[in-house]
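Novice: Hey, dropping structure28.cif in here, mmCIF, C-alpha atoms:
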data_data
#
loop_
_atom_site.group_PDB
_atom_site.id
_atom_site.type_symbol
_atom_site.label_atom_id
_atom_site.label_comp_id
_atom_site.auth_asym_id
_atom_site.auth_seq_id
_atom_site.Cartn_x
_atom_site.Cartn_y
_atom_site.Cartn_z
ATOM 1 C CA MET A 203 -6.624 26.150 -15.547
ATOM 2 C CA SER A 204 -6.383 23.588 -18.353
ATOM 3 C CA ARG A 205 -5.224 20.000 -17.830
ATOM 4 C CA GLN A 206 -1.948 20.789 -19.638
ATOM 5 C CA GLU A 207 -1.370 23.772 -17.346
ATOM 6 C CA LEU A 208 -2.071 21.590 -14.299
ATOM 7 C CA VAL A 209 0.537 19.074 -15.461
ATOM 8 C CA THR A 210 3.138 21.718 -16.287
ATOM 9 C CA SER A 211 2.671 23.498 -12.955
ATOM 10 C CA TYR A 212 3.472 20.388 -10.925
ATOM 11 C CA ALA A 213 6.314 18.664 -12.750
ATOM 12 C CA PRO A 214 8.315 16.750 -11.618
ATOM 13 C CA SER A 215 6.230 14.187 -9.761
ATOM 14 C CA THR A 216 6.897 15.317 -6.188
ATOM 15 C CA GLN A 217 6.547 18.592 -4.331
ATOM 16 C CA GLY A 218 7.971 17.054 -1.168
ATOM 17 C CA ARG A 219 11.592 16.879 0.009
ATOM 18 C CA ALA A 220 13.370 14.256 -2.108
ATOM 19 C CA SER A 221 16.094 12.248 -0.355
ATOM 20 C CA VAL A 222 16.885 9.754 -3.145
ATOM 21 C CA GLN A 223 16.008 9.654 -6.836
ATOM 22 C CA ILE A 224 17.066 7.192 -9.543
ATOM 23 C CA GLN A 225 16.084 6.579 -13.161
ATOM 24 C CA THR A 226 15.657 3.045 -14.543
ATOM 25 C CA PRO A 227 14.913 2.194 -18.191
ATOM 26 C CA SER A 228 11.172 2.645 -17.607
ATOM 27 C CA PHE A 229 10.693 4.431 -14.274
ATOM 28 C CA ARG A 230 11.762 7.428 -12.218
ATOM 29 C CA ILE A 231 11.825 6.476 -8.524
ATOM 30 C CA THR A 232 11.867 9.097 -5.767
ATOM 31 C CA GLU A 233 11.837 8.738 -2.006
ATOM 32 C CA ALA A 234 10.240 11.891 -0.608
ATOM 33 C CA SER A 235 9.013 13.268 2.698
ATOM 34 C CA TYR A 236 6.316 15.812 3.531
ATOM 35 C CA GLU A 237 5.871 18.002 6.572
ATOM 36 C CA PRO A 238 2.743 17.563 8.726
ATOM 37 C CA ARG A 239 -0.393 19.365 7.500
ATOM 38 C CA THR A 240 1.113 20.144 4.075
ATOM 39 C CA ARG A 241 -1.485 20.976 1.421
ATOM 40 C CA PHE A 242 -1.185 20.984 -2.388
ATOM 41 C CA PRO A 243 -3.961 22.500 -4.534
ATOM 42 C CA THR A 244 -5.464 20.706 -7.517
ATOM 43 C CA HIS A 245 -2.759 19.637 -9.965
ATOM 44 C CA ALA A 246 -1.774 16.722 -12.209
ATOM 45 C CA HIS A 247 1.382 14.857 -13.215
ATOM 46 C CA GLU A 248 2.741 14.156 -16.666
ATOM 47 C CA TYR A 249 3.288 10.446 -16.037
ATOM 48 C CA ALA A 250 1.258 7.573 -14.632
ATOM 49 C CA SER A 251 2.447 6.871 -11.113
ATOM 50 C CA ILE A 252 2.659 4.548 -8.109
ATOM 51 C CA THR A 253 2.841 5.939 -4.563
ATOM 52 C CA ALA A 254 3.698 3.749 -1.554
ATOM 53 C CA VAL A 255 3.242 5.149 1.969
ATOM 54 C CA PHE A 256 5.812 4.106 4.591
ATOM 55 C CA GLU A 257 5.110 6.673 7.302
ATOM 56 C CA GLY A 258 2.294 9.130 7.994
ATOM 57 C CA GLY A 259 -0.430 9.457 5.391
ATOM 58 C CA PHE A 260 -2.531 11.761 3.221
ATOM 59 C CA VAL A 261 -5.898 12.189 1.560
ATOM 60 C CA GLU A 262 -5.908 12.530 -2.224
ATOM 61 C CA GLN A 263 -9.005 14.325 -3.488
ATOM 62 C CA PHE A 264 -10.146 13.704 -7.065
ATOM 63 C CA ARG A 265 -13.011 15.391 -8.868
ATOM 64 C CA ARG A 266 -15.674 12.956 -7.624
ATOM 65 C CA THR A 267 -13.932 10.703 -5.095
ATOM 66 C CA SER A 268 -11.116 10.698 -2.552
ATOM 67 C CA GLU A 269 -8.592 8.125 -1.322
ATOM 68 C CA SER A 270 -7.338 8.060 2.275
ATOM 69 C CA CYS A 271 -3.814 6.625 2.150
ATOM 70 C CA SER A 272 -2.113 5.523 5.368
ATOM 71 C CA VAL A 273 0.930 3.354 6.129
ATOM 72 C CA ARG A 274 1.083 0.333 3.756
ATOM 73 C CA SER A 275 -1.114 2.026 1.133
ATOM 74 C CA ILE A 276 -0.256 1.763 -2.560
ATOM 75 C CA LEU A 277 -1.954 4.274 -4.880
ATOM 76 C CA ILE A 278 -1.736 3.596 -8.631
ATOM 77 C CA LYS A 279 -2.839 6.567 -10.716
ATOM 78 C CA PRO A 280 -3.215 7.456 -14.432
ATOM 79 C CA ALA A 281 -1.241 10.250 -16.039
ATOM 80 C CA ALA A 282 -2.796 13.726 -15.992
ATOM 81 C CA GLU A 283 -5.342 12.775 -13.293
ATOM 82 C CA ALA A 284 -6.270 16.020 -11.544
ATOM 83 C CA HIS A 285 -6.114 15.781 -7.731
ATOM 84 C CA ALA A 286 -5.311 17.698 -4.541
ATOM 85 C CA ASN A 287 -3.318 16.462 -1.521
ATOM 86 C CA ALA A 288 -3.783 17.001 2.220
ATOM 87 C CA TYR A 289 -1.176 15.431 4.524
ATOM 88 C CA GLY A 290 -1.901 14.364 8.091
ATOM 89 C CA GLU A 291 -0.691 15.367 11.527
ATOM 90 C CA ARG A 292 2.510 13.328 11.259
ATOM 91 C CA ALA A 293 5.398 13.673 8.806
ATOM 92 C CA THR A 294 4.821 11.481 5.750
ATOM 93 C CA ARG A 295 7.403 9.447 3.841
ATOM 94 C CA CYS A 296 6.565 7.925 0.464
ATOM 95 C CA LEU A 297 8.157 6.178 -2.462
ATOM 96 C CA LEU A 298 6.995 7.764 -5.733
ATOM 97 C CA VAL A 299 7.316 5.958 -9.049
ATOM 98 C CA ALA A 300 6.687 7.734 -12.367
ATOM 99 C CA VAL A 301 6.305 5.622 -15.528
ATOM 100 C CA THR A 302 8.539 7.649 -17.829
ATOM 101 C CA HIS A 303 8.810 5.187 -20.754
ATOM 102 C CA PRO A 304 6.317 2.763 -22.363
ATOM 103 C CA ILE A 305 5.888 -0.623 -20.621
ATOM 104 C CA GLY A 306 3.749 -2.428 -23.195
ATOM 105 C CA SER A 307 0.547 -4.157 -22.138
ATOM 106 C CA LEU A 308 1.300 -3.517 -18.451
ATOM 107 C CA GLY A 309 0.404 0.113 -19.108
ATOM 108 C CA ARG A 310 -3.279 -0.873 -19.070
ATOM 109 C CA ILE A 311 -3.031 -1.065 -15.285
ATOM 110 C CA PHE A 312 -2.970 2.740 -15.268
ATOM 111 C CA ASP A 313 -6.359 3.142 -16.952
ATOM 112 C CA ARG A 314 -7.918 4.029 -13.586
ATOM 113 C CA THR A 315 -6.909 4.780 -9.998
ATOM 114 C CA ILE A 316 -6.288 1.666 -7.856
ATOM 115 C CA HIS A 317 -5.784 1.722 -4.075
ATOM 116 C CA LEU A 318 -4.126 -1.379 -2.578
ATOM 117 C CA ARG A 319 -3.281 -2.140 1.050
ATOM 118 C CA GLY A 320 -0.277 -4.154 2.205
ATOM 119 C CA GLY A 321 0.302 -7.746 1.158
ATOM 120 C CA SER A 322 2.910 -9.010 -1.266
ATOM 121 C CA SER A 323 2.583 -5.887 -3.453
ATOM 122 C CA TYR A 324 3.668 -3.733 -0.519
ATOM 123 C CA SER A 325 6.509 -6.160 0.264
ATOM 124 C CA LEU A 326 7.838 -5.632 -3.273
ATOM 125 C CA LEU A 327 7.814 -1.867 -2.713
ATOM 126 C CA VAL A 328 9.624 -2.280 0.617
ATOM 127 C CA ALA A 329 12.288 -4.243 -1.282
ATOM 128 C CA LEU A 330 12.349 -1.494 -3.914
ATOM 129 C CA ARG A 331 12.956 1.184 -1.275
ATOM 130 C CA GLU A 332 15.886 -0.785 0.138
ATOM 131 C CA GLU A 333 17.279 -1.281 -3.362
ATOM 132 C CA VAL A 334 17.054 2.443 -4.101
ATOM 133 C CA ARG A 335 18.829 3.257 -0.852
ATOM 134 C CA LEU A 336 21.589 0.762 -1.673
ATOM 135 C CA ALA A 337 22.288 2.651 -4.912
ATOM 136 C CA ASP A 338 25.111 0.575 -6.411
ATOM 137 C CA ASP A 339 25.831 -0.175 -10.072
ATOM 138 C CA LEU A 340 23.109 -2.868 -10.181
ATOM 139 C CA THR A 341 20.345 -0.856 -8.523
ATOM 140 C CA ARG A 342 18.642 0.476 -11.670
ATOM 141 C CA PHE A 343 18.291 -3.035 -13.093
ATOM 142 C CA ALA A 344 17.110 -4.610 -9.829
ATOM 143 C CA ALA A 345 14.634 -1.759 -9.317
ATOM 144 C CA GLU A 346 13.268 -2.160 -12.849
ATOM 145 C CA GLY A 347 12.739 -5.865 -12.220
ATOM 146 C CA LEU A 348 10.914 -5.308 -8.926
ATOM 147 C CA LEU A 349 8.539 -2.787 -10.497
ATOM 148 C CA LEU A 350 7.774 -5.019 -13.488
ATOM 149 C CA GLU A 351 7.089 -7.875 -11.064
ATOM 150 C CA LEU A 352 4.734 -5.615 -9.091
ATOM 151 C CA LEU A 353 2.824 -4.523 -12.189
ATOM 152 C CA ALA A 354 2.560 -8.096 -13.476
ATOM 153 C CA LYS A 355 1.093 -9.153 -10.115
ATOM 154 C CA VAL A 356 -1.443 -6.323 -10.138
ATOM 155 C CA ALA A 357 -2.399 -7.168 -13.737
ATOM 156 C CA ARG A 358 -2.963 -10.837 -12.876
ATOM 157 C CA ASP A 359 -4.992 -9.903 -9.810
ATOM 158 C CA LYS A 360 -7.216 -7.719 -11.989
ATOM 159 C CA ILE A 361 -7.788 -10.570 -14.426
ATOM 160 C CA SER A 362 -8.639 -13.071 -11.669
ATOM 161 C CA ASP A 363 -10.949 -10.609 -9.942
ATOM 162 C CA SER A 364 -13.475 -10.346 -12.766
ATOM 163 C CA GLY A 365 -16.798 -9.118 -11.458
ATOM 164 C CA PRO A 366 -17.721 -7.859 -7.981
ATOM 165 C CA PRO A 367 -17.350 -10.153 -4.944
ATOM 166 C CA PRO A 368 -20.570 -11.927 -3.971
ATOM 167 C CA ARG A 369 -22.454 -10.501 -1.014
ATOM 168 C CA TRP A 370 -21.467 -13.326 1.352
ATOM 169 C CA ILE A 371 -17.766 -12.739 0.635
ATOM 170 C CA ARG A 372 -18.137 -9.021 1.345
ATOM 171 C CA MET A 373 -19.909 -9.854 4.609
ATOM 172 C CA LEU A 374 -17.150 -12.336 5.507
ATOM 173 C CA LYS A 375 -14.470 -9.707 4.886
ATOM 174 C CA GLY A 376 -16.254 -7.159 7.081
ATOM 175 C CA GLU A 377 -16.764 -9.664 9.887
ATOM 176 C CA LEU A 378 -13.127 -10.765 9.784
ATOM 177 C CA HIS A 379 -11.991 -7.140 9.872
ATOM 178 C CA ASP A 380 -14.168 -6.361 12.881
ATOM 179 C CA ARG A 381 -13.098 -9.510 14.758
ATOM 180 C CA CYS A 382 -9.468 -9.603 13.634
ATOM 181 C CA ARG A 383 -8.018 -9.392 17.157
ATOM 182 C CA GLU A 384 -10.011 -12.409 18.290
ATOM 183 C CA PRO A 385 -8.799 -16.019 17.797
ATOM 184 C CA ILE A 386 -10.118 -17.072 14.353
ATOM 185 C CA THR A 387 -9.794 -20.538 12.780
ATOM 186 C CA LEU A 388 -10.683 -21.926 9.359
ATOM 187 C CA ALA A 389 -13.750 -23.482 10.949
ATOM 188 C CA ASP A 390 -14.802 -19.991 12.102
ATOM 189 C CA VAL A 391 -14.370 -18.727 8.527
ATOM 190 C CA GLY A 392 -16.706 -21.425 7.256
ATOM 191 C CA ALA A 393 -19.242 -20.720 10.001
ATOM 192 C CA ILE A 394 -19.247 -16.974 9.293
ATOM 193 C CA ALA A 395 -19.536 -17.496 5.524
ATOM 194 C CA GLY A 396 -22.040 -20.334 5.763
ATOM 195 C CA VAL A 397 -20.042 -22.479 3.307
ATOM 196 C CA HIS A 398 -17.206 -24.986 3.487
ATOM 197 C CA PRO A 399 -13.995 -23.259 4.727
ATOM 198 C CA ALA A 400 -11.970 -24.423 1.698
ATOM 199 C CA TYR A 401 -14.518 -22.939 -0.701
ATOM 200 C CA ALA A 402 -14.673 -19.702 1.288
ATOM 201 C CA SER A 403 -10.873 -19.424 1.211
ATOM 202 C CA ARG A 404 -10.723 -20.058 -2.540
ATOM 203 C CA VAL A 405 -13.339 -17.429 -3.398
ATOM 204 C CA PHE A 406 -11.880 -14.934 -0.901
ATOM 205 C CA ARG A 407 -8.411 -15.263 -2.453
ATOM 206 C CA ARG A 408 -9.786 -14.816 -5.960
ATOM 207 C CA HIS A 409 -11.372 -11.478 -5.052
ATOM 208 C CA TYR A 410 -8.971 -10.074 -2.443
ATOM 209 C CA GLY A 411 -5.608 -11.644 -3.334
ATOM 210 C CA CYS A 412 -5.099 -13.421 0.004
ATOM 211 C CA THR A 413 -6.704 -16.082 2.176
ATOM 212 C CA PRO A 414 -9.103 -15.092 4.985
ATOM 213 C CA ILE A 415 -6.473 -15.967 7.605
ATOM 214 C CA GLU A 416 -3.841 -13.834 5.819
ATOM 215 C CA PHE A 417 -6.375 -10.992 5.728
ATOM 216 C CA VAL A 418 -6.926 -11.298 9.490
ATOM 217 C CA ARG A 419 -3.165 -11.135 10.061
ATOM 218 C CA ARG A 420 -2.888 -7.992 7.906
ATOM 219 C CA CYS A 421 -5.739 -6.356 9.830
ATOM 220 C CA ARG A 422 -3.943 -7.129 13.100
ATOM 221 C CA ILE A 423 -0.759 -5.537 11.726
ATOM 222 C CA ASP A 424 -2.726 -2.468 10.601
ATOM 223 C CA TRP A 425 -4.192 -2.113 14.111
ATOM 224 C CA ALA A 426 -0.765 -2.599 15.706
ATOM 225 C CA THR A 427 0.822 -0.021 13.368
ATOM 226 C CA ILE A 428 -1.612 2.648 14.536
ATOM 227 C CA ALA A 429 -1.064 1.667 18.182
ATOM 228 C CA LEU A 430 2.730 1.839 17.796
ATOM 229 C CA CYS A 431 2.563 5.287 16.191
ATOM 230 C CA GLU A 432 -0.166 6.902 18.268
ATOM 231 C CA THR A 433 0.083 5.399 21.779
ATOM 232 C CA ASP A 434 2.778 4.739 24.392
ATOM 233 C CA GLN A 435 1.697 1.165 25.063
ATOM 234 C CA SER A 436 4.573 -1.300 25.280
ATOM 235 C CA ILE A 437 5.269 -3.473 22.264
ATOM 236 C CA SER A 438 4.458 -6.589 24.298
ATOM 237 C CA SER A 439 1.088 -5.105 25.274
ATOM 238 C CA ILE A 440 0.299 -4.132 21.672
ATOM 239 C CA SER A 441 1.305 -7.612 20.553
ATOM 240 C CA ALA A 442 -1.114 -9.249 22.976
ATOM 241 C CA ARG A 443 -3.960 -6.814 22.265
ATOM 242 C CA ALA A 444 -3.506 -7.302 18.505
ATOM 243 C CA GLY A 445 -4.162 -11.013 18.962
ATOM 244 C CA PHE A 446 -0.674 -12.497 18.615
ATOM 245 C CA SER A 447 0.333 -15.432 20.807
ATOM 246 C CA ASP A 448 3.659 -13.845 21.795
ATOM 247 C CA GLN A 449 5.876 -10.872 20.985
ATOM 248 C CA SER A 450 8.353 -12.837 18.834
ATOM 249 C CA HIS A 451 5.510 -14.083 16.617
ATOM 250 C CA PHE A 452 4.222 -10.505 16.348
ATOM 251 C CA THR A 453 7.680 -9.171 15.434
ATOM 252 C CA ARG A 454 8.163 -11.767 12.702
ATOM 253 C CA ALA A 455 4.741 -11.110 11.190
ATOM 254 C CA PHE A 456 5.114 -7.330 11.442
ATOM 255 C CA THR A 457 8.565 -7.345 9.813
ATOM 256 C CA ARG A 458 7.462 -9.660 6.997
ATOM 257 C CA LEU A 459 4.449 -7.513 6.100
ATOM 258 C CA THR A 460 5.916 -4.022 6.595
ATOM 259 C CA GLY A 461 9.652 -4.471 6.073
ATOM 260 C CA ARG A 462 10.360 -2.919 9.494
ATOM 261 C CA THR A 463 10.492 -4.144 13.068
ATOM 262 C CA PRO A 464 7.933 -2.775 15.544
ATOM 263 C CA ASN A 465 10.767 -1.200 17.515
ATOM 264 C CA SER A 466 12.175 0.703 14.509
ATOM 265 C CA LEU A 467 8.728 2.075 13.669
ATOM 266 C CA ARG A 468 8.233 3.164 17.281
ATOM 267 C CA GLN A 469 11.626 4.938 17.306
ATOM 268 C CA ASP A 470 10.866 6.881 14.095
ATOM 269 C CA ARG A 471 7.420 8.156 15.063
#
Could you write out this file's structure as structure tokens?
Specialist:
Amino acid sequence: MSRQELVTSYAPSTQGRASVQIQTPSFRITEASYEPRTRFPTHAHEYASITAVFEGGFVEQFRRTSESCSVRSILIKPAAEAHANAYGERATRCLLVAVTHPIGSLGRIFDRTIHLRGGSSYSLLVALREEVRLADDLTRFAAEGLLLELLAKVARDKISDSGPPPRWIRMLKGELHDRCREPITLADVGAIAGVHPAYASRVFRRHYGCTPIEFVRRCRIDWATIALCETDQSISSISARAGFSDQSHFTRAFTRLTGRTPNSLRQDR
């Protein structure tokens, strides 16, 4: 099957069950859900796209690589990029954005596939989902603004992250990920990296878009998200095991990074 046939066979941008769809001057935004274990064969979409995962997850298989997208994933993909989808054991809910009209220099972001996790980019997409659900006479303009802000942020991050991270920064990131549920201070960051903590934080932010301590917090939230969805542990127990000092601190951090409370996520699993 030719690339054009792949695109034509799978238009519009979602084969899931759409609950909301709006069109802004530059984007088509769809909130869609997928049943567990759904599979889509190799296909492509007419437009460049952004996919944000709010529940569940999927694996997107490209010709040479694959991306495993779970809760808080953001997948940015070029137009006509052939891929197949395999959804997980839980129902999946995503926000799908198709770039239907030119967006100037920001369009360069879609030259290749980019997989982001959480952070302020995800917070913008949480705000976008709420805006789409509100659906009043101002929604299309507010939604357009949020998406342009997101793309501008991604573009700036790409510019600042010129060249691969040095080996010591990659080692620091891996160590912080593995030890994220332990108490970690700035002094610990410096000791792990073998450089001054302020320098380590500056270089870490340049390559990963957040400070080492913010990265640790995101890793804790990622761990807690899996525990909330896949175990029956109490929220207070998950909070303590994730490394938070108390449940209220955990709830504030979780809500800020995911746009949902731990209790609402637990109820929807």
Novice: Nearest to A:Leu378: which of A:Ala400, A:Cys421, A:Leu297, A:Leu349 is it, counting only C-alpha atoms?
Specialist: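 Smallest separation from A:Leu378 among the options: A:Cys421.
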Novice: Per residue of stretch 260-303 of chain A within 12 Å of stretch 449-466 of chain A, which atom pair is closest and at what distance in Å (one decimal), using all atoms listed in the file, listed by chain and increasing number, as JSON lines?
Specialist:
{"residue": "A:Val273", "atom": "CA", "partner": "A:Thr460", "partner_atom": "CA", "distance": 8.9}
{"residue": "A:Arg274", "atom": "CA", "partner": "A:Thr460", "partner_atom": "CA", "distance": 7.1}
{"residue": "A:Ser275", "atom": "CA", "partner": "A:Thr460", "partner_atom": "CA", "distance": 10.8}
Novice: Dump C-alpha atoms for the selected residues as a CSV table (one decimal), keeping the file's coordinate frame?
Specialist:
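File written: again.csv
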chain,number,residue,atom,x,y,z
A,273,VAL,CA,0.9,3.4,6.1
A,274,ARG,CA,1.1,0.3,3.8
A,275,SER,CA,-1.1,2.0,1.1
Novice: Just to confirm, what's the straight-line distance from atom CA of A:Glu432 to atom CA of A:Ser270 in Å (one decimal)?
Specialist: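 We find that atom CA of A:Glu432 and atom CA of A:Ser270 lie 17.6 Å from each other.
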Novice: Suppose you want the space between atom CA of A:His245 and atom CA of A:Phe264; what is it in Å?
Specialist: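 Taking atom CA of A:His245 and atom CA of A:Phe264, their separation equals 9.9 Å.
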Novice: Which residue out of A:Thr253, A:Ser322, A:Ala246, A:Ser307 has the minimum interatomic distance to A:His285 when only C-alpha atoms are used?
Specialist: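 Ranking A:Thr253, A:Ser322, A:Ala246, A:Ser307 by distance to A:His285, first place goes to A:Ala246.
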Novice: Excluding A:Ser251 and residues on its chain fewer than 4 positions from it, collect all residues at most 9 Å away from it, counting only C-alpha atoms, and give them as a list in words.
Specialist: Ser215, His247, Leu277, Ile278, Lys279, Pro280, Ala281, Leu298, Val299, Ala300, Val301 and Phe312 of chain A
Novice: Since the input lacks atoms, please generate N, CA and C atoms for stretch 337-349 of chain A and provide them as a PDB file, in the coordinates of the input.
Specialist:
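result.pdb was written with the following content:
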ATOM      1  N   ALA A 337      21.736   1.778  -3.863  1.00  0.00           N
ATOM      2  CA  ALA A 337      22.288   2.651  -4.912  1.00  0.00           C
ATOM      3  C   ALA A 337      23.683   2.240  -5.378  1.00  0.00           C
ATOM      4  N   ASP A 338      23.841   0.969  -5.795  1.00  0.00           N
ATOM      5  CA  ASP A 338      25.111   0.575  -6.411  1.00  0.00           C
ATOM      6  C   ASP A 338      24.919   0.452  -7.916  1.00  0.00           C
ATOM      7  N   ASP A 339      25.896  -0.141  -8.615  1.00  0.00           N
ATOM      8  CA  ASP A 339      25.831  -0.175 -10.072  1.00  0.00           C
ATOM      9  C   ASP A 339      24.750  -1.107 -10.609  1.00  0.00           C
ATOM     10  N   LEU A 340      24.160  -1.947  -9.751  1.00  0.00           N
ATOM     11  CA  LEU A 340      23.109  -2.868 -10.181  1.00  0.00           C
ATOM     12  C   LEU A 340      21.703  -2.390  -9.812  1.00  0.00           C
ATOM     13  N   THR A 341      21.627  -1.294  -9.066  1.00  0.00           N
ATOM     14  CA  THR A 341      20.345  -0.856  -8.523  1.00  0.00           C
ATOM     15  C   THR A 341      19.301  -0.594  -9.600  1.00  0.00           C
ATOM     16  N   ARG A 342      19.660   0.105 -10.671  1.00  0.00           N
ATOM     17  CA  ARG A 342      18.642   0.476 -11.670  1.00  0.00           C
ATOM     18  C   ARG A 342      18.026  -0.754 -12.334  1.00  0.00           C
ATOM     19  N   PHE A 343      18.811  -1.825 -12.470  1.00  0.00           N
ATOM     20  CA  PHE A 343      18.291  -3.035 -13.093  1.00  0.00           C
ATOM     21  C   PHE A 343      17.437  -3.834 -12.103  1.00  0.00           C
ATOM     22  N   ALA A 344      17.889  -3.915 -10.846  1.00  0.00           N
ATOM     23  CA  ALA A 344      17.110  -4.610  -9.829  1.00  0.00           C
ATOM     24  C   ALA A 344      15.788  -3.882  -9.583  1.00  0.00           C
ATOM     25  N   ALA A 345      15.840  -2.546  -9.541  1.00  0.00           N
ATOM     26  CA  ALA A 345      14.634  -1.759  -9.317  1.00  0.00           C
ATOM     27  C   ALA A 345      13.643  -1.929 -10.465  1.00  0.00           C
ATOM     28  N   GLU A 346      14.142  -1.936 -11.687  1.00  0.00           N
ATOM     29  CA  GLU A 346      13.268  -2.160 -12.849  1.00  0.00           C
ATOM     30  C   GLU A 346      12.566  -3.506 -12.736  1.00  0.00           C
ATOM     31  N   GLY A 347      13.316  -4.538 -12.348  1.00  0.00           N
ATOM     32  CA  GLY A 347      12.739  -5.865 -12.220  1.00  0.00           C
ATOM     33  C   GLY A 347      11.664  -5.935 -11.151  1.00  0.00           C
ATOM     34  N   LEU A 348      11.903  -5.301 -10.007  1.00  0.00           N
ATOM     35  CA  LEU A 348      10.914  -5.308  -8.926  1.00  0.00           C
ATOM     36  C   LEU A 348       9.617  -4.617  -9.352  1.00  0.00           C
ATOM     37  N   LEU A 349       9.738  -3.507 -10.075  1.00  0.00           N
ATOM     38  CA  LEU A 349       8.539  -2.787 -10.497  1.00  0.00           C
ATOM     39  C   LEU A 349       7.769  -3.563 -11.564  1.00  0.00           C
TER      40      LEU A 349
END
